[in-house]
Each structure stands twice: as structure tokens, then as C-alpha cells.
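The file target-v4.cif contains mmCIF, N, CA and C atoms:
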```cif
data_query
loop_
_atom_site.label_atom_id
_atom_site.label_comp_id
_atom_site.auth_asym_id
_atom_site.auth_seq_id
_atom_site.Cartn_x
_atom_site.Cartn_y
_atom_site.Cartn_z
N MET A 26 102.50 55.39 32.94
CA MET A 26 103.64 54.69 33.50
C MET A 26 104.16 53.68 32.49
N LYS A 27 105.47 53.53 32.49
CA LYS A 27 106.09 52.56 31.62
C LYS A 27 106.72 51.40 32.39
N LYS A 28 107.04 51.66 33.67
CA LYS A 28 107.76 50.65 34.43
C LYS A 28 107.61 50.96 35.92
N LEU A 29 107.59 49.93 36.74
CA LEU A 29 107.54 50.10 38.19
C LEU A 29 108.60 49.17 38.78
N THR A 30 109.55 49.74 39.51
CA THR A 30 110.62 48.96 40.10
C THR A 30 110.66 49.23 41.60
N PRO A 31 110.45 48.22 42.42
CA PRO A 31 110.55 48.42 43.87
C PRO A 31 111.98 48.77 44.27
N LEU A 32 112.12 49.75 45.15
CA LEU A 32 113.39 50.10 45.75
C LEU A 32 113.26 49.76 47.24
N ILE A 33 113.98 48.76 47.66
CA ILE A 33 113.84 48.19 48.99
C ILE A 33 114.99 48.69 49.86
N THR A 34 114.67 49.31 50.98
CA THR A 34 115.72 49.78 51.89
C THR A 34 115.95 48.74 52.98
N VAL A 35 117.23 48.46 53.22
CA VAL A 35 117.63 47.43 54.18
C VAL A 35 118.87 47.89 54.93
N ASP A 36 119.15 47.24 56.04
CA ASP A 36 120.37 47.54 56.78
C ASP A 36 121.61 47.13 55.98
N GLU A 37 121.58 45.91 55.44
CA GLU A 37 122.70 45.38 54.66
C GLU A 37 122.17 44.72 53.40
N ILE A 38 122.80 44.99 52.28
CA ILE A 38 122.37 44.43 51.00
C ILE A 38 122.93 43.02 50.79
N GLU A 39 124.15 42.79 51.20
CA GLU A 39 124.84 41.53 50.88
C GLU A 39 124.04 40.27 51.24
N PRO A 40 123.37 40.20 52.41
CA PRO A 40 122.61 38.99 52.73
C PRO A 40 121.37 38.79 51.84
N CYS A 41 120.91 39.85 51.19
CA CYS A 41 119.69 39.77 50.37
C CYS A 41 119.93 39.10 49.02
N LEU A 42 121.09 39.30 48.46
CA LEU A 42 121.33 38.92 47.07
C LEU A 42 121.22 37.42 46.78
N PRO A 43 121.77 36.52 47.64
CA PRO A 43 121.66 35.09 47.32
C PRO A 43 120.22 34.59 47.20
N PHE A 44 119.31 35.14 48.00
CA PHE A 44 117.90 34.73 47.93
C PHE A 44 117.38 34.92 46.50
N TRP A 45 117.62 36.10 45.93
CA TRP A 45 117.10 36.42 44.60
C TRP A 45 117.88 35.73 43.49
N THR A 46 119.20 35.58 43.65
CA THR A 46 119.97 34.91 42.59
C THR A 46 119.60 33.43 42.51
N ARG A 47 119.23 32.82 43.65
CA ARG A 47 118.76 31.43 43.60
C ARG A 47 117.43 31.32 42.85
N LEU A 48 116.68 32.43 42.79
CA LEU A 48 115.42 32.45 42.03
C LEU A 48 115.63 32.86 40.58
N GLY A 49 116.88 32.98 40.16
CA GLY A 49 117.17 33.25 38.76
C GLY A 49 117.44 34.71 38.43
N PHE A 50 117.49 35.58 39.42
CA PHE A 50 117.80 36.98 39.17
C PHE A 50 119.31 37.14 39.00
N GLU A 51 119.69 38.16 38.23
CA GLU A 51 121.09 38.49 38.02
C GLU A 51 121.34 39.88 38.62
N VAL A 52 122.44 40.03 39.31
CA VAL A 52 122.83 41.35 39.82
C VAL A 52 123.38 42.12 38.62
N THR A 53 122.70 43.21 38.26
CA THR A 53 123.09 43.96 37.06
C THR A 53 123.88 45.22 37.37
N ALA A 54 123.84 45.70 38.62
CA ALA A 54 124.61 46.88 38.99
C ALA A 54 124.77 46.93 40.50
N THR A 55 125.90 47.41 40.94
CA THR A 55 126.13 47.66 42.37
C THR A 55 126.87 48.98 42.52
N VAL A 56 126.65 49.62 43.66
CA VAL A 56 127.35 50.86 43.99
C VAL A 56 127.84 50.71 45.42
N PRO A 57 129.14 50.90 45.65
CA PRO A 57 129.64 50.78 47.02
C PRO A 57 129.27 52.01 47.85
N HIS A 58 129.22 51.78 49.16
CA HIS A 58 129.03 52.88 50.11
C HIS A 58 129.88 52.56 51.33
N VAL A 59 130.85 53.38 51.62
CA VAL A 59 131.83 53.16 52.68
C VAL A 59 132.48 51.80 52.44
N ASP A 60 132.29 50.81 53.32
CA ASP A 60 132.95 49.51 53.16
C ASP A 60 131.97 48.38 52.82
N ALA A 61 130.82 48.73 52.29
CA ALA A 61 129.80 47.72 51.94
C ALA A 61 129.09 48.15 50.67
N LEU A 62 128.09 47.39 50.27
CA LEU A 62 127.26 47.81 49.15
C LEU A 62 126.27 48.87 49.62
N GLY A 63 126.11 49.90 48.85
CA GLY A 63 125.12 50.92 49.14
C GLY A 63 123.89 50.78 48.29
N PHE A 64 124.05 50.12 47.13
CA PHE A 64 122.96 49.97 46.18
C PHE A 64 123.22 48.74 45.33
N ALA A 65 122.15 48.03 44.97
CA ALA A 65 122.25 46.90 44.04
C ALA A 65 120.97 46.81 43.23
N MET A 66 121.13 46.47 41.98
CA MET A 66 119.99 46.27 41.08
C MET A 66 120.02 44.83 40.59
N LEU A 67 118.85 44.20 40.59
CA LEU A 67 118.73 42.82 40.12
C LEU A 67 117.66 42.75 39.04
N GLN A 68 117.84 41.80 38.12
CA GLN A 68 116.87 41.66 37.04
C GLN A 68 116.71 40.20 36.65
N LYS A 69 115.47 39.87 36.33
CA LYS A 69 115.14 38.57 35.73
C LYS A 69 114.06 38.85 34.70
N ASP A 70 114.39 38.64 33.44
CA ASP A 70 113.47 38.96 32.35
C ASP A 70 113.02 40.42 32.50
N ALA A 71 111.72 40.68 32.57
CA ALA A 71 111.22 42.06 32.67
C ALA A 71 111.05 42.53 34.12
N ILE A 72 111.44 41.68 35.09
CA ILE A 72 111.27 42.02 36.50
C ILE A 72 112.57 42.62 37.03
N GLU A 73 112.45 43.75 37.71
CA GLU A 73 113.62 44.42 38.26
C GLU A 73 113.37 44.78 39.72
N LEU A 74 114.40 44.62 40.54
CA LEU A 74 114.38 45.01 41.95
C LEU A 74 115.61 45.86 42.24
N MET A 75 115.47 46.80 43.14
CA MET A 75 116.62 47.58 43.59
C MET A 75 116.67 47.55 45.10
N TYR A 76 117.88 47.45 45.64
CA TYR A 76 118.11 47.53 47.08
C TYR A 76 119.02 48.72 47.35
N GLN A 77 118.74 49.43 48.43
CA GLN A 77 119.63 50.49 48.89
C GLN A 77 119.78 50.35 50.40
N SER A 78 121.01 50.48 50.87
CA SER A 78 121.21 50.40 52.32
C SER A 78 120.69 51.66 52.98
N ARG A 79 120.26 51.52 54.22
CA ARG A 79 119.75 52.69 54.95
C ARG A 79 120.84 53.75 55.12
N ALA A 80 122.09 53.32 55.30
CA ALA A 80 123.19 54.27 55.44
C ALA A 80 123.39 55.06 54.15
N SER A 81 123.33 54.37 53.03
CA SER A 81 123.47 55.04 51.74
C SER A 81 122.31 55.99 51.49
N LEU A 82 121.10 55.55 51.83
CA LEU A 82 119.92 56.39 51.66
C LEU A 82 120.02 57.66 52.51
N ALA A 83 120.53 57.52 53.73
CA ALA A 83 120.68 58.68 54.61
C ALA A 83 121.62 59.71 54.01
N ASP A 84 122.66 59.24 53.32
CA ASP A 84 123.59 60.16 52.66
C ASP A 84 123.00 60.73 51.37
N ASP A 85 122.27 59.90 50.64
CA ASP A 85 121.76 60.28 49.32
C ASP A 85 120.48 61.12 49.41
N LEU A 86 119.52 60.66 50.22
CA LEU A 86 118.21 61.32 50.35
C LEU A 86 117.84 61.41 51.83
N PRO A 87 118.49 62.29 52.57
CA PRO A 87 118.27 62.33 54.02
C PRO A 87 116.81 62.52 54.44
N ALA A 88 116.03 63.27 53.68
CA ALA A 88 114.62 63.49 54.04
C ALA A 88 113.83 62.19 54.01
N LEU A 89 114.20 61.28 53.13
CA LEU A 89 113.47 60.00 53.04
C LEU A 89 113.95 58.97 54.04
N SER A 90 115.17 59.09 54.50
CA SER A 90 115.71 58.05 55.37
C SER A 90 114.89 57.90 56.65
N THR A 91 114.37 58.99 57.20
CA THR A 91 113.54 58.88 58.39
C THR A 91 112.14 58.40 58.05
N GLU A 92 111.66 58.70 56.86
CA GLU A 92 110.33 58.26 56.43
C GLU A 92 110.25 56.75 56.28
N LEU A 93 111.35 56.11 55.92
CA LEU A 93 111.33 54.68 55.59
C LEU A 93 111.80 53.77 56.72
N GLN A 94 112.04 54.30 57.88
CA GLN A 94 112.47 53.47 59.00
C GLN A 94 111.38 52.46 59.36
N GLY A 95 111.76 51.20 59.46
CA GLY A 95 110.83 50.17 59.90
C GLY A 95 109.80 49.75 58.86
N SER A 96 109.94 50.18 57.62
CA SER A 96 108.95 49.78 56.62
C SER A 96 109.14 48.30 56.27
N THR A 97 108.04 47.64 55.92
CA THR A 97 108.07 46.24 55.53
C THR A 97 107.61 46.13 54.09
N ASN A 98 108.30 45.31 53.34
CA ASN A 98 107.93 45.08 51.94
C ASN A 98 107.36 43.69 51.79
N MET A 99 106.37 43.58 50.93
CA MET A 99 105.78 42.28 50.64
C MET A 99 105.61 42.19 49.13
N PHE A 100 106.02 41.06 48.58
CA PHE A 100 105.95 40.84 47.14
C PHE A 100 105.14 39.58 46.87
N PHE A 101 104.40 39.59 45.79
CA PHE A 101 103.65 38.42 45.35
C PHE A 101 104.17 38.07 43.96
N CYS A 102 104.78 36.90 43.83
CA CYS A 102 105.44 36.51 42.59
C CYS A 102 104.78 35.26 42.01
N GLU A 103 104.26 35.38 40.82
CA GLU A 103 103.75 34.20 40.14
C GLU A 103 104.92 33.50 39.47
N VAL A 104 105.02 32.19 39.67
CA VAL A 104 106.13 31.40 39.15
C VAL A 104 105.60 30.30 38.23
N GLU A 105 106.48 29.77 37.38
CA GLU A 105 106.07 28.69 36.48
C GLU A 105 105.86 27.39 37.24
N SER A 106 106.74 27.09 38.20
CA SER A 106 106.65 25.85 38.96
C SER A 106 106.97 26.14 40.42
N LEU A 107 105.99 26.02 41.28
CA LEU A 107 106.22 26.26 42.70
C LEU A 107 107.18 25.23 43.27
N ASP A 108 107.06 23.98 42.85
CA ASP A 108 107.96 22.93 43.35
C ASP A 108 109.42 23.26 43.02
N ARG A 109 109.71 23.63 41.78
CA ARG A 109 111.08 23.97 41.38
C ARG A 109 111.58 25.22 42.10
N THR A 110 110.69 26.18 42.31
CA THR A 110 111.07 27.41 43.00
C THR A 110 111.43 27.12 44.45
N ILE A 111 110.63 26.33 45.12
CA ILE A 111 110.91 25.95 46.51
C ILE A 111 112.24 25.20 46.58
N GLU A 112 112.46 24.29 45.65
CA GLU A 112 113.71 23.53 45.61
C GLU A 112 114.91 24.45 45.42
N SER A 113 114.78 25.44 44.55
CA SER A 113 115.91 26.34 44.29
C SER A 113 116.24 27.22 45.49
N LEU A 114 115.26 27.49 46.34
CA LEU A 114 115.50 28.31 47.53
C LEU A 114 116.30 27.59 48.60
N GLY A 115 116.21 26.27 48.62
CA GLY A 115 116.87 25.54 49.70
C GLY A 115 116.18 25.84 51.02
N ASP A 116 116.96 26.01 52.07
CA ASP A 116 116.41 26.30 53.40
C ASP A 116 115.82 27.71 53.39
N HIS A 117 114.57 27.85 53.80
CA HIS A 117 113.90 29.15 53.79
C HIS A 117 112.97 29.27 54.99
N ASP A 118 112.72 30.50 55.39
CA ASP A 118 111.87 30.81 56.54
C ASP A 118 110.42 30.93 56.07
N VAL A 119 109.62 29.89 56.30
CA VAL A 119 108.22 29.87 55.86
C VAL A 119 107.38 30.73 56.81
N VAL A 120 106.65 31.68 56.23
CA VAL A 120 105.76 32.54 57.00
C VAL A 120 104.33 32.03 56.91
N VAL A 121 103.91 31.63 55.71
CA VAL A 121 102.60 31.02 55.49
C VAL A 121 102.85 29.71 54.75
N PRO A 122 102.50 28.57 55.34
CA PRO A 122 102.73 27.28 54.69
C PRO A 122 102.00 27.17 53.36
N ARG A 123 102.47 26.27 52.55
CA ARG A 123 101.89 26.04 51.24
C ARG A 123 100.39 25.76 51.37
N ARG A 124 99.64 26.39 50.44
CA ARG A 124 98.18 26.23 50.49
C ARG A 124 97.62 26.49 49.10
N GLN A 125 96.39 26.01 48.87
CA GLN A 125 95.67 26.33 47.64
C GLN A 125 94.57 27.31 48.02
N THR A 126 94.45 28.37 47.22
CA THR A 126 93.55 29.46 47.57
C THR A 126 92.27 29.44 46.76
N PHE A 127 91.30 30.21 47.23
CA PHE A 127 90.03 30.35 46.51
C PHE A 127 90.22 31.07 45.19
N TYR A 128 91.30 31.83 45.04
CA TYR A 128 91.55 32.54 43.78
C TYR A 128 92.44 31.76 42.82
N GLY A 129 92.56 30.44 43.08
CA GLY A 129 93.18 29.53 42.12
C GLY A 129 94.69 29.47 42.11
N MET A 130 95.31 29.71 43.25
CA MET A 130 96.77 29.65 43.31
C MET A 130 97.23 28.63 44.34
N ASP A 131 98.32 27.95 44.00
CA ASP A 131 99.06 27.10 44.92
C ASP A 131 100.22 28.00 45.39
N GLU A 132 100.24 28.35 46.68
CA GLU A 132 101.18 29.39 47.10
C GLU A 132 101.83 29.10 48.44
N LEU A 133 102.89 29.83 48.68
CA LEU A 133 103.69 29.73 49.89
C LEU A 133 104.31 31.11 50.12
N PHE A 134 104.37 31.56 51.38
CA PHE A 134 105.00 32.84 51.68
C PHE A 134 106.23 32.58 52.54
N VAL A 135 107.35 33.20 52.15
CA VAL A 135 108.60 33.06 52.87
C VAL A 135 109.14 34.44 53.24
N ARG A 136 110.02 34.45 54.23
CA ARG A 136 110.71 35.69 54.60
C ARG A 136 112.09 35.65 53.97
N ALA A 137 112.39 36.64 53.14
CA ALA A 137 113.73 36.75 52.55
C ALA A 137 114.71 37.19 53.64
N PRO A 138 115.99 36.92 53.47
CA PRO A 138 116.97 37.24 54.51
C PRO A 138 116.95 38.69 54.99
N CYS A 139 116.53 39.62 54.17
CA CYS A 139 116.51 41.03 54.58
C CYS A 139 115.19 41.44 55.20
N GLY A 140 114.25 40.50 55.36
CA GLY A 140 113.00 40.79 56.05
C GLY A 140 111.77 40.90 55.18
N SER A 141 111.93 41.08 53.88
CA SER A 141 110.76 41.17 53.00
C SER A 141 110.01 39.85 53.01
N ILE A 142 108.69 39.95 52.90
CA ILE A 142 107.85 38.76 52.77
C ILE A 142 107.62 38.54 51.28
N VAL A 143 107.86 37.31 50.82
CA VAL A 143 107.74 37.00 49.40
C VAL A 143 106.75 35.85 49.23
N GLY A 144 105.64 36.14 48.56
CA GLY A 144 104.67 35.11 48.20
C GLY A 144 105.06 34.52 46.87
N LEU A 145 105.12 33.21 46.81
CA LEU A 145 105.45 32.49 45.58
C LEU A 145 104.25 31.66 45.21
N ALA A 146 103.75 31.83 43.99
CA ALA A 146 102.48 31.21 43.64
C ALA A 146 102.49 30.70 42.21
N GLU A 147 101.82 29.56 42.04
CA GLU A 147 101.63 28.96 40.72
C GLU A 147 100.12 28.75 40.53
N PRO A 148 99.58 29.12 39.37
CA PRO A 148 98.16 28.86 39.15
C PRO A 148 97.87 27.35 39.25
N VAL A 149 96.76 27.02 39.87
CA VAL A 149 96.34 25.63 40.01
C VAL A 149 95.80 25.16 38.67
N ALA A 150 96.27 24.00 38.23
CA ALA A 150 95.79 23.44 36.97
C ALA A 150 94.32 23.06 37.12
N GLU A 151 93.53 23.39 36.10
CA GLU A 151 92.09 23.08 36.15
C GLU A 151 91.80 21.75 35.53
#
```

Please lay out the structure from this file as C-alpha cells.
Amino acid sequence: MKKLTPLITVDEIEPCLPFWTRLGFEVTATVPHVDALGFAMLQKDAIELMYQSRASLADDLPALSTELQGSTNMFFCEVESLDRTIESLGDHDVVVPRRQTFYGMDELFVRAPCGSIVGLAEPVAE
């Protein structure tokens, strides 16, 4: 393998994008579908994410559209500064409050607007 990029299926892409752009991601490509976005690609440094709407997926890959109904995505992201990352998010839906773990991380889990759970973590200074 040379690269792994999550492809996240959602009802609507537009509400998802501000969450990631506030974390420093750039929207690098979009594809329309009917009167909305059908696909979007985001990138920050070597990290890449792709979103596809369920309607677009049903047209593009009908066999997969039924397989992915109701799936939940969870991401664990190591960040340089948890404080700065939390500040950049603004108002966010906390799923797991900030905590320090036995595996040496200061972390917090939030729900992104499209439903994905995103863990944000900074290594604890020794």
C-alpha cells in the first residue's frame, strides 16, 4: 500500500466541510450531483479525506449504496496542540470530554456535523 484515504458517505456534504477547514484542511476538489455536492476531497499536508453523498453513491456504485447505509466513521487525529485545535473548532459537540489516557495522550472526542466521531489528541509532555 502507498496511501489510505477514507471515503465517508453522508446525506449532505456541505455541512461537513467547515468542520475540517477550521482544522486547516483545504477543499481540493468537488463534483456536483443534481443540485448539491456529490463528492468533495480535502487535504492537509499528507492527510486526505473524501466525502460522497449517499445520492451520488447510489448513482455511481449502486451495489455499495445499500451496504453503507447507517455506517459510522470514527477518526483518531494526533494534533500538535489540543488547546489550539479546540479553539479553532469553536462550538463543537463533545462526545467524550477531555481526558489524559494511560497511553500518554491528552484527548477529546467530538461529533463532526455529518456524524463522524473525531478524536483529537496531543501526546502528554513527559

Report task. Could you expand the PyMOL selection byres ((chain A and resi 133) around 6.5) into the explicit residues it covers here, written as a PyMOL selection string? Result -> chain A and resi 121-124+131-132+134-135+143-146

Answer key for the PyMOL selection byres (((chain A and resi 47 and name CA) around 12) and name CA), residues as an mmCIF file with N, CA and C atoms, keeping the file's coordinate frame:
```
data_model
loop_
_atom_site.group_PDB
_atom_site.id
_atom_site.type_symbol
_atom_site.label_atom_id
_atom_site.label_comp_id
_atom_site.auth_asym_id
_atom_site.auth_seq_id
_atom_site.Cartn_x
_atom_site.Cartn_y
_atom_site.Cartn_z
ATOM 1 N N CYS A 41 120.910 39.850 51.190
ATOM 2 C CA CYS A 41 119.690 39.770 50.370
ATOM 3 C C CYS A 41 119.930 39.100 49.020
ATOM 4 N N LEU A 42 121.090 39.300 48.460
ATOM 5 C CA LEU A 42 121.330 38.920 47.070
ATOM 6 C C LEU A 42 121.220 37.420 46.780
ATOM 7 N N PRO A 43 121.770 36.520 47.640
ATOM 8 C CA PRO A 43 121.660 35.090 47.320
ATOM 9 C C PRO A 43 120.220 34.590 47.200
ATOM 10 N N PHE A 44 119.310 35.140 48.000
ATOM 11 C CA PHE A 44 117.900 34.730 47.930
ATOM 12 C C PHE A 44 117.380 34.920 46.500
ATOM 13 N N TRP A 45 117.620 36.100 45.930
ATOM 14 C CA TRP A 45 117.100 36.420 44.600
ATOM 15 C C TRP A 45 117.880 35.730 43.490
ATOM 16 N N THR A 46 119.200 35.580 43.650
ATOM 17 C CA THR A 46 119.970 34.910 42.590
ATOM 18 C C THR A 46 119.600 33.430 42.510
ATOM 19 N N LEU A 48 116.680 32.430 42.790
ATOM 20 C CA LEU A 48 115.420 32.450 42.030
ATOM 21 C C LEU A 48 115.630 32.860 40.580
ATOM 22 N N GLY A 49 116.880 32.980 40.160
ATOM 23 C CA GLY A 49 117.170 33.250 38.760
ATOM 24 C C GLY A 49 117.440 34.710 38.430
ATOM 25 N N PHE A 50 117.490 35.580 39.420
ATOM 26 C CA PHE A 50 117.800 36.980 39.170
ATOM 27 C C PHE A 50 119.310 37.140 39.000
ATOM 28 N N GLU A 51 119.690 38.160 38.230
ATOM 29 C CA GLU A 51 121.090 38.490 38.020
ATOM 30 C C GLU A 51 121.340 39.880 38.620
ATOM 31 N N VAL A 52 122.440 40.030 39.310
ATOM 32 C CA VAL A 52 122.830 41.350 39.820
ATOM 33 C C VAL A 52 123.380 42.120 38.620
ATOM 34 N N LEU A 67 118.850 44.200 40.590
ATOM 35 C CA LEU A 67 118.730 42.820 40.120
ATOM 36 C C LEU A 67 117.660 42.750 39.040
ATOM 37 N N LYS A 69 115.470 39.870 36.330
ATOM 38 C CA LYS A 69 115.140 38.570 35.730
ATOM 39 C C LYS A 69 114.060 38.850 34.700
ATOM 40 N N ARG A 109 109.710 23.630 41.780
ATOM 41 C CA ARG A 109 111.080 23.970 41.380
ATOM 42 C C ARG A 109 111.580 25.220 42.100
ATOM 43 N N THR A 110 110.690 26.180 42.310
ATOM 44 C CA THR A 110 111.070 27.410 43.000
ATOM 45 C C THR A 110 111.430 27.120 44.450
ATOM 46 N N ILE A 111 110.630 26.330 45.120
ATOM 47 C CA ILE A 111 110.910 25.950 46.510
ATOM 48 C C ILE A 111 112.240 25.200 46.580
ATOM 49 N N GLU A 112 112.460 24.290 45.650
ATOM 50 C CA GLU A 112 113.710 23.530 45.610
ATOM 51 C C GLU A 112 114.910 24.450 45.420
ATOM 52 N N SER A 113 114.780 25.440 44.550
ATOM 53 C CA SER A 113 115.910 26.340 44.290
ATOM 54 C C SER A 113 116.240 27.220 45.490
ATOM 55 N N LEU A 114 115.260 27.490 46.340
ATOM 56 C CA LEU A 114 115.500 28.310 47.530
ATOM 57 C C LEU A 114 116.300 27.590 48.600
ATOM 58 N N GLY A 115 116.210 26.270 48.620
ATOM 59 C CA GLY A 115 116.870 25.540 49.700
ATOM 60 C C GLY A 115 116.180 25.840 51.020
ATOM 61 N N ASP A 116 116.960 26.010 52.070
ATOM 62 C CA ASP A 116 116.410 26.300 53.400
ATOM 63 C C ASP A 116 115.820 27.710 53.390
ATOM 64 N N HIS A 117 114.570 27.850 53.800
ATOM 65 C CA HIS A 117 113.900 29.150 53.790
ATOM 66 C C HIS A 117 112.970 29.270 54.990
ATOM 67 N N ALA A 137 112.390 36.640 53.140
ATOM 68 C CA ALA A 137 113.730 36.750 52.550
ATOM 69 C C ALA A 137 114.710 37.190 53.640
#
```

Query raised in the report: Where in segment 71-108 of chain A does DSSP assign strand (DSSP E or B), given as a list in words?
Result: Ile72, Glu73, Leu74, Met75, Tyr76, Gln77, Ser78, Met99, Phe100, Phe101, Cys102 and Glu103 of chain A

Query - Which residue of A:Gly129, A:Cys102, A:Pro57, A:Lys28 approaches Ser81 of chain A most closely, using only N, CA and C atoms - result: A:Pro57

Query - Selected residue of minimal separation from Ser141 of chain A among A:Thr126, A:Asn98, A:Ser106, A:Ser90, counting only C-alpha atoms - result: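 Nearest candidate to Ser141 of chain A out of A:Thr126, A:Asn98, A:Ser106, A:Ser90: A:Asn98.
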
Query raised in the report: Would you give me, as a PyMOL selection string, the residues in segment 74-105 of chain A that DSSP reads as alpha helix (DSSP H)?
Result: chain A and resi 79-85+87-92

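Using only C-alpha atoms, the nearest neighbour of Pro40 of chain A within the list A:Gln94, A:Gln68, A:Gln125, A:Ser78 is A:Ser78.
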
**Report entry** Residue nearest Leu82 of chain A - candidates A:Glu103, A:Asp60, A:Glu147, A:Asp36, atoms counted: only C-alpha atoms
**Finding:** A:Asp36

**Report entry** Coordinates-based distance that separates atom CA of Met66 of chain A from atom N of Thr53 of chain A (Å, one decimal)
**Finding:**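 Pair atom N of Thr53 of chain A / atom CA of Met66 of chain A returns 5.0 Å.
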
Query - Atomic separation - atom CA of Tyr76 of chain A relative to atom N of Ile142 of chain A, Å - result: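 Interatomic distance here is 13.4 Å.
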
As a compact mmCIF listing (two decimals), keeping the file's coordinate frame, please: segment 115-122 of chain A completed to all heavy atoms.
```txt
# COMPACT_ATOMS: atom_id res chain seq x y z
N GLY A 115 116.21 26.27 48.62
CA GLY A 115 116.87 25.54 49.70
C GLY A 115 116.18 25.84 51.02
O GLY A 115 114.95 25.96 51.08
N ASP A 116 116.96 26.01 52.07
CA ASP A 116 116.41 26.30 53.40
C ASP A 116 115.82 27.71 53.39
O ASP A 116 116.47 28.66 52.98
CB ASP A 116 117.52 26.20 54.44
CG ASP A 116 116.99 26.28 55.85
OD1 ASP A 116 115.83 25.88 56.08
OD2 ASP A 116 117.72 26.78 56.73
N HIS A 117 114.57 27.85 53.80
CA HIS A 117 113.90 29.15 53.79
C HIS A 117 112.97 29.27 54.99
O HIS A 117 112.52 28.28 55.55
CB HIS A 117 113.14 29.37 52.47
CG HIS A 117 112.24 28.22 52.12
ND1 HIS A 117 112.69 27.10 51.45
CD2 HIS A 117 110.93 28.00 52.36
CE1 HIS A 117 111.69 26.25 51.29
NE2 HIS A 117 110.62 26.77 51.83
N ASP A 118 112.72 30.50 55.39
CA ASP A 118 111.87 30.81 56.54
C ASP A 118 110.42 30.93 56.07
O ASP A 118 110.03 31.94 55.50
CB ASP A 118 112.37 32.12 57.16
CG ASP A 118 111.57 32.54 58.39
OD1 ASP A 118 110.79 31.72 58.91
OD2 ASP A 118 111.74 33.70 58.81
N VAL A 119 109.62 29.89 56.30
CA VAL A 119 108.22 29.87 55.86
C VAL A 119 107.38 30.73 56.81
O VAL A 119 107.40 30.54 58.02
CB VAL A 119 107.67 28.43 55.81
CG1 VAL A 119 106.18 28.43 55.47
CG2 VAL A 119 108.45 27.60 54.81
N VAL A 120 106.65 31.68 56.23
CA VAL A 120 105.76 32.54 57.00
C VAL A 120 104.33 32.03 56.91
O VAL A 120 103.61 31.98 57.91
CB VAL A 120 105.84 34.01 56.50
CG1 VAL A 120 104.90 34.90 57.26
CG2 VAL A 120 107.27 34.51 56.61
N VAL A 121 103.91 31.63 55.71
CA VAL A 121 102.60 31.02 55.49
C VAL A 121 102.85 29.71 54.75
O VAL A 121 103.39 29.71 53.63
CB VAL A 121 101.66 31.92 54.65
CG1 VAL A 121 100.35 31.22 54.36
CG2 VAL A 121 101.42 33.25 55.35
N PRO A 122 102.50 28.57 55.34
CA PRO A 122 102.73 27.28 54.69
C PRO A 122 102.00 27.17 53.36
O PRO A 122 101.02 27.88 53.10
CB PRO A 122 102.17 26.27 55.70
CG PRO A 122 102.12 26.99 57.00
CD PRO A 122 101.89 28.43 56.67
```
